[in-house]
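For reference, entry_29.txt is printed below; it contains compact mmCIF, C-alpha atoms and all ligand atoms.
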```txt
# COMPACT_ATOMS: atom_id res chain seq x y z
CA MET I 1 225.34 83.72 38.83
CA MET I 2 228.27 83.67 41.21
CA SER I 3 231.50 85.28 39.97
CA ARG I 4 234.13 82.71 39.07
CA LEU I 5 236.44 84.11 41.71
CA ASP I 6 233.89 83.67 44.52
CA LEU I 7 234.00 79.94 43.90
CA PHE I 8 237.43 79.69 45.54
CA SER I 9 237.27 79.09 49.29
CA PRO I 10 239.93 80.18 51.76
CA ARG I 11 239.74 77.01 53.91
CA TYR I 12 238.73 73.35 53.61
CA GLU I 13 235.83 73.68 56.09
CA ILE I 14 234.35 76.55 54.10
CA ALA I 15 234.82 74.75 50.78
CA ARG I 16 233.09 71.67 52.19
CA ARG I 17 230.16 73.64 53.64
CA ARG I 18 229.63 75.42 50.32
CA PHE I 19 229.87 72.12 48.43
CA ARG I 20 227.24 70.55 50.73
CA ASP I 21 224.93 73.57 50.51
CA ALA I 22 225.20 73.75 46.73
CA ALA I 23 224.67 69.99 46.40
CA ASN I 24 221.53 70.16 48.56
CA GLU I 25 220.21 73.08 46.60
CA ALA I 26 220.80 71.22 43.33
CA GLY I 27 218.84 68.25 44.69
CA ALA I 28 221.82 65.89 44.96
CA THR I 29 222.09 62.84 47.17
CA LEU I 30 224.90 63.54 49.66
CA GLU I 31 227.22 61.21 51.54
CA HIS I 32 229.95 62.04 54.06
CA HIS I 33 232.77 59.61 54.71
CA PRO I 34 235.06 60.43 57.67
CA ILE I 35 238.63 59.35 56.90
CA ASP I 36 239.74 58.82 60.48
CA PRO I 37 236.72 58.53 62.81
CA GLY I 38 237.39 58.87 66.52
CA THR I 39 240.75 60.64 66.10
CA GLU I 40 241.84 64.27 65.91
CA ASN I 41 241.11 64.04 62.18
CA GLY I 42 237.60 62.74 62.90
CA ASP I 43 235.86 65.75 61.38
CA LEU I 44 237.63 65.43 58.04
CA THR I 45 235.38 63.88 55.42
CA ILE I 46 235.20 62.87 51.80
CA ASP I 47 231.86 64.22 50.54
CA VAL I 48 230.04 62.71 47.60
CA ALA I 49 227.19 64.34 45.69
CA THR I 50 225.26 62.21 43.20
CA LEU I 51 222.82 63.74 40.73
CA GLY I 52 220.65 62.43 37.95
CA HIS I 53 219.08 59.12 37.07
CA ALA I 54 218.82 56.36 39.69
CA LYS I 55 219.62 53.79 36.98
CA PRO I 56 221.91 55.92 34.79
CA ARG I 57 222.84 54.93 31.24
CA TRP I 58 226.14 56.77 31.70
CA ALA I 59 227.97 58.50 34.52
CA VAL I 60 230.65 61.16 34.81
CA VAL I 61 232.60 61.22 38.06
CA VAL I 62 234.72 64.22 39.04
CA THR I 63 237.21 63.98 41.92
CA SER I 64 238.92 66.87 43.67
CA GLY I 65 241.71 67.06 46.21
CA LEU I 66 243.30 63.64 45.77
CA HIS I 67 246.40 65.75 46.37
CA GLY I 68 245.00 67.70 49.36
CA VAL I 69 246.09 71.27 48.61
CA GLU I 70 244.98 70.91 44.97
CA GLY I 71 241.44 70.70 46.38
CA PHE I 72 241.11 74.48 46.49
CA PHE I 73 240.93 74.62 42.73
CA GLY I 74 239.09 71.30 42.22
CA SER I 75 236.46 72.28 44.76
CA ALA I 76 235.88 75.57 42.88
CA ILE I 77 235.16 73.65 39.65
CA GLN I 78 232.74 71.28 41.40
CA LEU I 79 230.98 74.22 43.05
CA ALA I 80 230.78 75.99 39.67
CA TRP I 81 229.09 72.93 38.15
CA LEU I 82 226.55 72.64 40.99
CA THR I 83 225.77 76.36 40.92
CA ARG I 84 225.32 76.31 37.17
CA LEU I 85 222.85 73.42 37.46
CA THR I 86 220.82 75.26 40.11
CA ASN I 87 220.77 78.30 37.81
CA GLY I 88 219.32 76.36 34.92
CA GLY I 89 222.38 74.54 33.57
CA PRO I 90 221.90 71.31 31.63
CA PRO I 91 220.83 68.41 33.90
CA PRO I 92 222.41 64.99 33.36
CA ALA I 93 219.58 63.65 31.16
CA GLY I 94 219.48 59.88 31.33
CA GLY I 95 222.84 59.84 33.11
CA ALA I 96 224.41 60.71 36.43
CA ILE I 97 227.06 63.11 37.71
CA VAL I 98 229.09 62.08 40.74
CA LEU I 99 231.15 64.76 42.45
CA ILE I 100 233.68 63.49 44.99
CA HIS I 101 234.89 66.36 47.13
CA ALA I 102 238.29 66.24 48.88
CA VAL I 103 239.54 62.69 48.47
CA ASN I 104 242.38 63.78 50.75
CA PRO I 105 240.64 66.10 53.21
CA TYR I 106 243.62 66.15 55.60
CA GLY I 107 245.95 67.61 52.97
CA PHE I 108 243.24 70.06 51.91
CA ALA I 109 242.70 71.23 55.51
CA ARG I 110 246.39 71.35 56.48
CA LEU I 111 247.82 72.64 53.21
CA ARG I 112 249.69 69.50 52.25
CA ARG I 113 249.81 67.52 49.02
CA THR I 114 249.95 64.27 51.00
CA ASN I 115 247.59 62.75 53.54
CA GLU I 116 247.67 62.28 57.33
CA ASP I 117 250.54 59.76 56.95
CA ASN I 118 252.53 61.73 54.38
CA VAL I 119 251.14 59.43 51.69
CA ASP I 120 250.78 60.62 48.12
CA LEU I 121 247.38 59.05 47.46
CA ASN I 122 247.99 58.94 43.72
CA ARG I 123 250.80 56.43 44.39
CA ASN I 124 248.77 54.45 46.93
CA PHE I 125 246.34 52.46 44.76
CA LEU I 126 248.43 49.29 44.43
CA ASP I 127 246.95 45.86 43.89
CA THR I 128 248.74 43.76 46.47
CA ARG I 129 250.12 44.47 49.92
CA ASP I 130 253.61 43.31 49.00
CA SER I 131 253.92 45.85 46.20
CA TYR I 132 254.26 48.69 48.75
CA THR I 133 258.07 48.40 48.73
CA GLY I 134 261.14 49.90 47.16
CA ALA I 135 262.02 53.09 45.34
CA PRO I 136 263.29 53.90 41.85
CA ALA I 137 267.05 53.30 41.64
CA GLY I 138 267.85 57.00 41.48
CA TYR I 139 265.63 58.08 44.40
CA ALA I 140 267.96 56.97 47.19
CA ALA I 141 270.75 59.05 45.65
CA LEU I 142 268.48 62.09 45.58
CA ASP I 143 266.98 61.56 49.04
CA LEU I 144 269.44 63.88 50.80
CA PHE I 145 268.78 66.62 48.27
CA LEU I 146 264.99 66.19 48.21
CA ASN I 147 264.39 65.57 51.89
CA PRO I 148 266.93 67.32 54.13
CA ALA I 149 266.31 66.61 57.82
CA SER I 150 266.04 70.29 58.78
CA PRO I 151 263.52 73.15 58.51
CA PRO I 152 263.46 75.13 55.26
CA SER I 153 265.88 78.03 54.96
CA LEU I 154 265.80 81.10 52.75
CA LEU I 155 269.56 80.99 52.30
CA GLU I 156 269.78 77.63 50.67
CA PRO I 157 270.63 77.50 46.92
CA PHE I 158 267.84 75.04 46.04
CA ARG I 159 267.66 76.16 42.41
CA LEU I 160 271.35 75.65 41.82
CA LYS I 161 271.32 72.21 43.39
CA ALA I 162 268.25 71.22 41.39
CA LEU I 163 269.74 72.46 38.12
CA TRP I 164 272.89 70.49 38.84
CA HIS I 165 270.84 67.29 39.26
CA ILE I 166 268.87 68.05 36.09
CA LYS I 167 272.08 68.62 34.13
CA ARG I 168 273.47 65.34 35.40
CA ASN I 169 270.39 63.15 34.90
CA GLY I 170 268.12 64.96 32.45
CA LEU I 171 264.67 66.29 33.34
CA PRO I 172 262.60 63.29 32.09
CA MET I 173 264.76 60.87 34.08
CA LEU I 174 264.51 63.10 37.13
CA LYS I 175 260.73 63.43 36.77
CA ASN I 176 260.32 59.66 36.63
CA THR I 177 262.73 59.04 39.48
CA VAL I 178 261.35 61.69 41.76
CA ALA I 179 257.67 61.94 40.94
CA GLY I 180 256.96 58.35 39.92
CA GLY I 181 256.45 57.27 43.53
CA GLN I 182 258.56 55.54 46.20
CA TYR I 183 257.75 53.22 49.11
CA ARG I 184 260.97 53.44 51.10
CA PHE I 185 261.25 56.91 52.63
CA PRO I 186 258.13 57.61 54.72
CA GLN I 187 259.13 61.23 55.34
CA GLY I 188 260.17 61.80 51.75
CA LEU I 189 258.36 63.39 48.80
CA PHE I 190 256.11 61.15 46.66
CA PHE I 191 255.89 58.45 49.34
CA GLY I 192 253.22 55.95 48.30
CA GLY I 193 252.56 54.43 51.75
CA ARG I 194 252.87 50.97 53.29
CA GLU I 195 249.27 49.90 52.72
CA PRO I 196 246.06 51.31 51.27
CA ALA I 197 245.27 54.58 53.08
CA SER I 198 241.86 55.35 54.55
CA SER I 199 240.92 57.57 51.56
CA THR I 200 242.04 54.81 49.20
CA ARG I 201 239.95 52.16 50.96
CA ILE I 202 236.85 54.39 50.99
CA THR I 203 237.25 55.10 47.27
CA GLN I 204 237.87 51.45 46.38
CA GLN I 205 234.92 50.28 48.43
CA HIS I 206 232.36 52.77 47.10
CA LEU I 207 233.35 53.92 43.64
CA ALA I 208 231.44 51.25 41.72
CA GLY I 209 228.33 51.94 43.84
CA TRP I 210 228.54 55.69 43.27
CA LEU I 211 228.57 55.03 39.52
CA GLY I 212 225.16 53.39 39.96
CA GLY I 213 225.77 50.51 37.56
CA ALA I 214 226.12 52.81 34.54
CA PRO I 215 227.48 50.77 31.60
CA ARG I 216 229.67 53.67 30.37
CA THR I 217 231.57 56.00 32.66
CA VAL I 218 234.16 58.74 32.46
CA HIS I 219 236.24 59.78 35.43
CA VAL I 220 237.80 63.26 35.49
CA ASP I 221 240.40 63.52 38.26
CA LEU I 222 241.31 67.17 38.84
CA HIS I 223 244.96 68.06 39.46
CA SER I 224 247.13 71.15 39.35
CA GLY I 225 250.80 72.10 39.47
CA LEU I 226 252.11 70.51 36.28
CA GLY I 227 252.27 72.07 32.83
CA ALA I 228 251.90 75.53 31.30
CA TYR I 229 250.29 78.29 33.39
CA GLY I 230 246.48 78.24 33.20
CA GLN I 231 246.45 75.49 30.56
CA TYR I 232 245.41 71.90 30.95
CA ARG I 233 246.37 68.52 29.56
CA LEU I 234 244.44 65.28 29.96
CA LEU I 235 246.90 62.62 31.00
CA LEU I 236 245.73 59.11 30.19
CA GLU I 237 246.37 55.77 31.81
CA GLU I 238 246.77 54.35 28.29
CA SER I 239 249.89 54.15 26.14
CA ALA I 240 249.95 55.80 22.71
CA ALA I 241 249.58 52.36 21.09
CA SER I 242 246.23 51.66 22.80
CA PRO I 243 243.24 51.60 20.43
CA ARG I 244 241.26 53.48 23.09
CA VAL I 245 243.36 56.64 22.73
CA GLU I 246 241.30 57.57 19.67
CA TRP I 247 238.15 57.69 21.80
CA TYR I 248 239.77 60.23 24.14
CA ARG I 249 240.94 62.35 21.19
CA ASP I 250 237.42 62.41 19.75
CA ALA I 251 235.84 63.21 23.08
CA PHE I 252 238.24 65.86 24.36
CA GLY I 253 240.26 67.10 21.37
CA ALA I 254 243.52 65.56 20.15
CA GLU I 255 245.59 68.53 21.28
CA ARG I 256 244.59 68.05 24.93
CA VAL I 257 245.14 64.33 25.27
CA GLU I 258 248.48 62.91 26.37
CA PRO I 259 248.97 59.13 26.48
CA LEU I 260 251.12 57.49 29.14
CA ALA I 261 254.91 57.77 29.36
CA ASP I 262 255.71 60.18 26.62
CA ALA I 263 259.03 61.42 27.98
CA SER I 264 258.79 64.72 26.09
CA GLY I 265 255.39 65.61 27.53
CA THR I 266 253.86 66.71 30.81
CA SER I 267 253.42 63.29 32.34
CA TYR I 268 255.67 60.73 33.96
CA THR I 269 255.18 57.08 34.77
CA ALA I 270 253.75 56.64 38.23
CA SER I 271 252.80 53.52 40.16
CA GLY I 272 249.70 53.08 42.29
CA THR I 273 247.57 55.73 40.60
CA LEU I 274 243.83 56.05 41.16
CA GLY I 275 243.22 55.89 37.40
CA GLY I 276 245.35 52.79 36.92
CA TRP I 277 243.42 51.07 39.68
CA ALA I 278 240.03 52.18 38.37
CA VAL I 279 240.46 51.08 34.76
CA THR I 280 241.51 47.58 35.84
CA HIS I 281 239.04 47.09 38.71
CA LEU I 282 235.79 48.65 37.54
CA THR I 283 234.92 45.68 35.42
CA GLY I 284 231.15 46.21 35.37
CA THR I 285 231.51 49.31 33.24
CA ARG I 286 233.50 50.61 30.30
CA HIS I 287 235.51 53.05 32.36
CA ARG I 288 237.44 55.95 30.81
CA PHE I 289 239.81 57.98 32.97
CA VAL I 290 241.63 61.28 32.58
CA ASN I 291 243.99 63.11 34.92
CA ALA I 292 243.07 66.70 34.15
CA GLU I 293 246.35 68.47 34.97
CA PHE I 294 246.23 72.29 35.12
CA GLY I 295 249.57 74.08 34.92
CA THR I 296 250.74 76.71 37.37
CA TYR I 297 254.43 77.57 37.73
CA PRO I 298 257.67 76.08 36.34
CA ILE I 299 258.47 72.63 37.62
CA LEU I 300 261.47 73.78 39.68
CA ARG I 301 259.40 76.28 41.62
CA VAL I 302 256.75 73.64 42.33
CA LEU I 303 259.32 71.06 43.40
CA GLY I 304 261.00 73.67 45.60
CA ALA I 305 257.65 74.44 47.25
CA LEU I 306 256.92 70.76 47.89
CA ARG I 307 260.36 70.23 49.36
CA ALA I 308 260.20 73.27 51.65
CA GLU I 309 256.71 72.42 52.94
CA ASN I 310 257.73 68.83 53.62
CA ARG I 311 260.74 69.99 55.64
CA ALA I 312 258.57 72.46 57.55
CA HIS I 313 256.06 69.70 58.30
CA PHE I 314 258.59 67.24 59.69
CA PHE I 315 261.32 69.48 61.10
CA GLY I 316 259.84 72.96 61.53
CA ARG I 317 257.48 74.47 64.12
CA PRO I 318 253.96 75.39 63.02
CA ASP I 319 254.05 78.93 64.44
CA THR I 320 257.17 80.13 62.64
CA GLY I 321 257.48 82.46 59.67
CA ALA I 322 259.38 79.76 57.75
CA THR I 323 256.47 77.31 58.07
CA ARG I 324 253.89 79.95 57.15
CA ARG I 325 255.96 80.96 54.12
CA ALA I 326 256.29 77.32 53.04
CA LYS I 327 252.52 76.74 53.33
CA SER I 328 251.57 79.87 51.47
CA GLU I 329 254.07 79.16 48.66
CA LEU I 330 252.67 75.61 48.38
CA LEU I 331 249.14 76.96 48.08
CA GLU I 332 250.27 79.49 45.48
CA CYS I 333 251.96 76.72 43.47
CA PHE I 334 248.79 74.57 43.37
CA CYS I 335 246.12 77.29 43.32
CA PRO I 336 247.56 80.66 42.25
CA HIS I 337 245.78 83.73 43.63
CA ASP I 338 245.80 85.38 40.21
CA GLY I 339 242.20 86.06 39.15
CA ARG I 340 242.99 85.30 35.52
CA TRP I 341 244.31 81.81 36.37
CA ARG I 342 241.27 81.09 38.54
CA GLN I 343 238.84 82.26 35.90
CA LEU I 344 240.56 80.17 33.24
CA VAL I 345 240.65 76.92 35.20
CA VAL I 346 236.97 77.12 36.16
CA GLU I 347 235.90 77.74 32.54
CA GLN I 348 238.10 74.93 31.29
CA GLY I 349 237.14 72.56 34.09
CA LEU I 350 233.46 72.97 33.23
CA ALA I 351 234.27 72.46 29.55
CA ILE I 352 236.01 69.13 30.31
CA ILE I 353 232.98 67.87 32.24
CA ASP I 354 230.67 69.03 29.44
CA ARG I 355 232.74 67.23 26.83
CA ALA I 356 232.69 64.03 28.86
CA VAL I 357 228.89 64.26 29.18
CA ARG I 358 228.51 65.01 25.46
CA ALA I 359 230.72 62.07 24.44
CA LEU I 360 228.71 59.65 26.58
CA SER I 361 225.28 61.03 25.56
CA LYS I 362 226.28 60.88 21.89
CA GLU I 363 227.26 57.23 22.22
CA GLN I 364 224.03 56.56 24.04
CA SER I 365 221.88 58.10 21.29
CA ALA I 366 223.96 56.35 18.59
CA LYS I 367 223.21 53.09 20.39
CA LEU I 368 219.49 53.89 20.55
CA ASP I 369 219.47 54.80 16.83
CA SER I 370 221.08 51.55 15.83
CA ALA I 371 218.66 49.63 18.07
CA THR I 372 215.74 51.39 16.35
CA ASP I 373 217.21 50.59 12.93
CA GLU I 374 217.49 46.98 13.91
CA ASN I 375 213.85 46.88 14.97
CA LYS I 376 212.83 48.57 11.77
CA SER I 377 214.66 46.09 9.59
CA ARG I 378 213.05 43.30 11.57
CA ILE I 379 209.60 44.77 10.92
CA ASP I 380 210.45 45.32 7.22
CA ARG I 381 211.26 41.69 6.93
ZN ZN T 401 247.86 66.27 41.73
```

Rewrite the coordinates I just gave you, this time as structure tokens.
Amino acid sequence: MMSRLDLFSPRYEIARRRFRDAANEAGATLEHHPIDPGTENGDLTIDVATLGHAKPRWAVVVTSGLHGVEGFFGSAIQLAWLTRLTNGGPPPAGGAIVLIHAVNPYGFARLRRTNEDNVDLNRNFLDTRDSYTGAPAGYAALDLFLNPASPPSLLEPFRLKALWHIKRNGLPMLKNTVAGGQYRFPQGLFFGGREPASSTRITQQHLAGWLGGAPRTVHVDLHSGLGAYGQYRLLLEESAASPRVEWYRDAFGAERVEPLADASGTSYTASGTLGGWAVTHLTGTRHRFVNAEFGTYPILRVLGALRAENRAHFFGRPDTGATRRAKSELLECFCPHDGRWRQLVVEQGLAIIDRAVRALSKEQSAKLDSATDENKSRIDR
């Protein structure tokens, strides 16, 4: 069995090749979807591996790299699952596993959180064209602080400025204002786009098909950069009042599950999320969705890294030390090099997938049992 640390690839192209090889070896059906055919990004693809039953009774879908640079860690978890299966791990009996590799391959390949148009794809899944407008009231006031029109500088007191804004507005308010998504500043952080991006359209067009008509599905969307170091939380698209929250607690453990918009917690309210779109549009299935968020560094360090990389992207030159520093700090913030962190996230990532499979298989056998009981009582009569 491959060491956990070997599962982490140094570049997108290598991660993708290993994903394809491992998927083939595991006997998966593979698809490649170029995000921008015929352009300089023509070789960048979303890869989809499907395993298991052709007419599955349940399906678990796992997405990596919706936020490009987070793909390094998500890809490692997907590769770990495929490798484990090839080495005798439990096959998806009666069900299907769908692994979607690098939803944002551009950001993965170029070390960005956003896509080829600086779009945060997890703010891009809006229902109507005219909803791609505006920004939270506080964002415009913060624009100059978040998105200075100059390359990053080592001399700048980012921390002090950030702490001043936090003191003034409070961290929850700032999180919502900043990270919730905006549609007004195309070069700014957390820009949600002007229309559905290529990755968004591909996902929307194919997701139902990839699930193979399974009546019950769970989607695990892998993210990093928010929360306590090496720990994960499962952020829901459901408010605490929803009767469905109990299902998630049973399936994944109450201590891991965090319903929507709890200001004290890890999450914040965001618009245009993949999960929000999926739970309302996948009507042929009972779809459950979790954002599996793995923590790395304190929020200020992560925000500082995002801000510096964005400045380097728009106002810096690629061959400078400042740009290289910004890229490597961004990578560190979303996929730390620390072997202990990497080991932990792979173990926990596999455990989340296993719990999703177990929850769905259990429901399936409970359903079969009750069907058998029904038949029996009919015969008795
Ligand atoms: Zn993310």

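Identified as lying at most 7 Å from ligand ZN 401 (chain T) when counting all atoms listed in the file are the residues Leu66, His67, Glu70, His223, Ser224 and Gly225 of chain I.
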
Given all atoms listed in the file as the basis, pick out the residue of I:Phe72, I:Phe314, I:Phe185, I:Phe125 nearest to Leu331 (chain I).
I:Phe72

Pull the neighbourhood of (235.5, 85.3, 48.0) for me: all residues within 12 Å in file coordinates, counting all atoms listed in the file, as an mmCIF file with C-alpha atoms, in the frame of the given file.
```cif
data_model
loop_
_atom_site.group_PDB
_atom_site.id
_atom_site.type_symbol
_atom_site.label_atom_id
_atom_site.label_comp_id
_atom_site.auth_asym_id
_atom_site.auth_seq_id
_atom_site.Cartn_x
_atom_site.Cartn_y
_atom_site.Cartn_z
ATOM 1 C CA MET I 2 228.270 83.670 41.210
ATOM 2 C CA SER I 3 231.500 85.280 39.970
ATOM 3 C CA ARG I 4 234.130 82.710 39.070
ATOM 4 C CA LEU I 5 236.440 84.110 41.710
ATOM 5 C CA ASP I 6 233.890 83.670 44.520
ATOM 6 C CA LEU I 7 234.000 79.940 43.900
ATOM 7 C CA PHE I 8 237.430 79.690 45.540
ATOM 8 C CA SER I 9 237.270 79.090 49.290
ATOM 9 C CA PRO I 10 239.930 80.180 51.760
ATOM 10 C CA ARG I 11 239.740 77.010 53.910
ATOM 11 C CA ILE I 14 234.350 76.550 54.100
ATOM 12 C CA ALA I 15 234.820 74.750 50.780
ATOM 13 C CA ARG I 18 229.630 75.420 50.320
ATOM 14 C CA ALA I 76 235.880 75.570 42.880
ATOM 15 C CA HIS I 337 245.780 83.730 43.630
ATOM 16 C CA GLY I 339 242.200 86.060 39.150
ATOM 17 C CA ARG I 342 241.270 81.090 38.540
#
```

Rounded to one decimal in Å, what is the spacing between CA of Leu79 (chain I) and CA of Pro215 (chain I)?
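Between CA of Leu79 (chain I) and CA of Pro215 (chain I) the gap is 26.3 Å.
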
Which residues of region 149-187 of chain I come within 10 Å of region 283-307 of chain I, and for each one, what is the closest pair of atoms and their distance in Å to one decimal, counting only C-alpha atoms, sorted by chain and residue number, as a Markdown table?
```
| residue | atom | partner | partner_atom | distance |
| --- | --- | --- | --- | --- |
| I:Pro152 | CA | I:Arg307 | CA | 8.3 |
| I:Phe158 | CA | I:Gly304 | CA | 7.0 |
| I:Arg159 | CA | I:Leu300 | CA | 7.2 |
| I:Ala162 | CA | I:Leu300 | CA | 7.4 |
| I:Leu163 | CA | I:Leu300 | CA | 8.5 |
| I:Leu171 | CA | I:Ile299 | CA | 9.8 |
| I:Lys175 | CA | I:Ile299 | CA | 9.5 |
| I:Val178 | CA | I:Leu303 | CA | 9.7 |
| I:Ala179 | CA | I:Leu303 | CA | 9.6 |
```

Once you have the residues from the selection above, write them out as a PDB file, in the coordinates of the input, restricted to C-alpha atoms.
```pdb
ATOM      1  CA  PRO I 152     263.460  75.130  55.260  1.00  0.00           C
ATOM      2  CA  PHE I 158     267.840  75.040  46.040  1.00  0.00           C
ATOM      3  CA  ARG I 159     267.660  76.160  42.410  1.00  0.00           C
ATOM      4  CA  ALA I 162     268.250  71.220  41.390  1.00  0.00           C
ATOM      5  CA  LEU I 163     269.740  72.460  38.120  1.00  0.00           C
ATOM      6  CA  LEU I 171     264.670  66.290  33.340  1.00  0.00           C
ATOM      7  CA  LYS I 175     260.730  63.430  36.770  1.00  0.00           C
ATOM      8  CA  VAL I 178     261.350  61.690  41.760  1.00  0.00           C
ATOM      9  CA  ALA I 179     257.670  61.940  40.940  1.00  0.00           C
TER      10      ALA I 179
END
```

So how many Å separate CA of Leu344 (chain I) and CA of Pro172 (chain I), to one decimal?
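For CA of Leu344 (chain I) relative to CA of Pro172 (chain I), the distance reads 27.8 Å.
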
Using all atoms listed in the file, which of the listed residues (I:Gly74, I:Gly89, I:Ala308, I:Thr200) sits closest to Gln348 (chain I)?
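Between I:Gly74, I:Gly89, I:Ala308, I:Thr200, the residue approaching Gln348 (chain I) most closely is I:Gly74.
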
Output of region 356-363 of chain I limited to all heavy atoms, as a compact mmCIF listing (two decimals), in the first residue's frame:
```
# COMPACT_ATOMS: atom_id res chain seq x y z
N ALA I 356 -20.40 7.89 4.62
CA ALA I 356 -21.47 8.17 3.65
C ALA I 356 -21.97 6.86 3.04
O ALA I 356 -23.18 6.63 2.94
CB ALA I 356 -20.96 9.12 2.57
N VAL I 357 -21.03 6.00 2.65
CA VAL I 357 -21.40 4.71 2.05
C VAL I 357 -22.21 3.88 3.06
O VAL I 357 -23.24 3.30 2.73
CB VAL I 357 -20.14 3.94 1.60
CG1 VAL I 357 -20.47 2.49 1.26
CG2 VAL I 357 -19.49 4.63 0.40
N ARG I 358 -21.71 3.85 4.30
CA ARG I 358 -22.38 3.05 5.33
C ARG I 358 -23.81 3.55 5.57
O ARG I 358 -24.75 2.76 5.67
CB ARG I 358 -21.58 3.11 6.64
CG ARG I 358 -21.71 1.84 7.47
CD ARG I 358 -20.84 1.89 8.71
NE ARG I 358 -19.46 2.26 8.41
CZ ARG I 358 -18.71 3.06 9.16
NH1 ARG I 358 -19.19 3.61 10.26
NH2 ARG I 358 -17.47 3.33 8.82
N ALA I 359 -23.97 4.87 5.65
CA ALA I 359 -25.31 5.43 5.90
C ALA I 359 -26.27 5.03 4.79
O ALA I 359 -27.42 4.64 5.05
CB ALA I 359 -25.22 6.95 6.01
N LEU I 360 -25.80 5.11 3.54
CA LEU I 360 -26.69 4.78 2.42
C LEU I 360 -26.95 3.28 2.34
O LEU I 360 -28.08 2.86 2.07
CB LEU I 360 -26.07 5.27 1.10
CG LEU I 360 -26.04 6.79 0.94
CD1 LEU I 360 -25.25 7.17 -0.31
CD2 LEU I 360 -27.45 7.36 0.86
N SER I 361 -25.93 2.44 2.58
CA SER I 361 -26.14 0.99 2.52
C SER I 361 -27.09 0.55 3.63
O SER I 361 -27.92 -0.34 3.43
CB SER I 361 -24.83 0.23 2.70
OG SER I 361 -23.79 0.85 2.02
N LYS I 362 -26.96 1.17 4.80
CA LYS I 362 -27.81 0.82 5.94
C LYS I 362 -29.28 1.12 5.60
O LYS I 362 -30.15 0.29 5.83
CB LYS I 362 -27.38 1.62 7.17
CG LYS I 362 -27.65 0.92 8.48
CD LYS I 362 -27.00 1.65 9.65
CE LYS I 362 -27.83 2.88 10.03
NZ LYS I 362 -27.15 3.71 11.05
N GLU I 363 -29.50 2.28 5.02
CA GLU I 363 -30.87 2.65 4.63
C GLU I 363 -31.42 1.68 3.60
O GLU I 363 -32.57 1.30 3.63
CB GLU I 363 -30.88 4.05 4.03
CG GLU I 363 -30.80 5.13 5.04
CD GLU I 363 -30.86 6.49 4.38
OE1 GLU I 363 -30.16 6.69 3.36
OE2 GLU I 363 -31.58 7.33 4.87
```
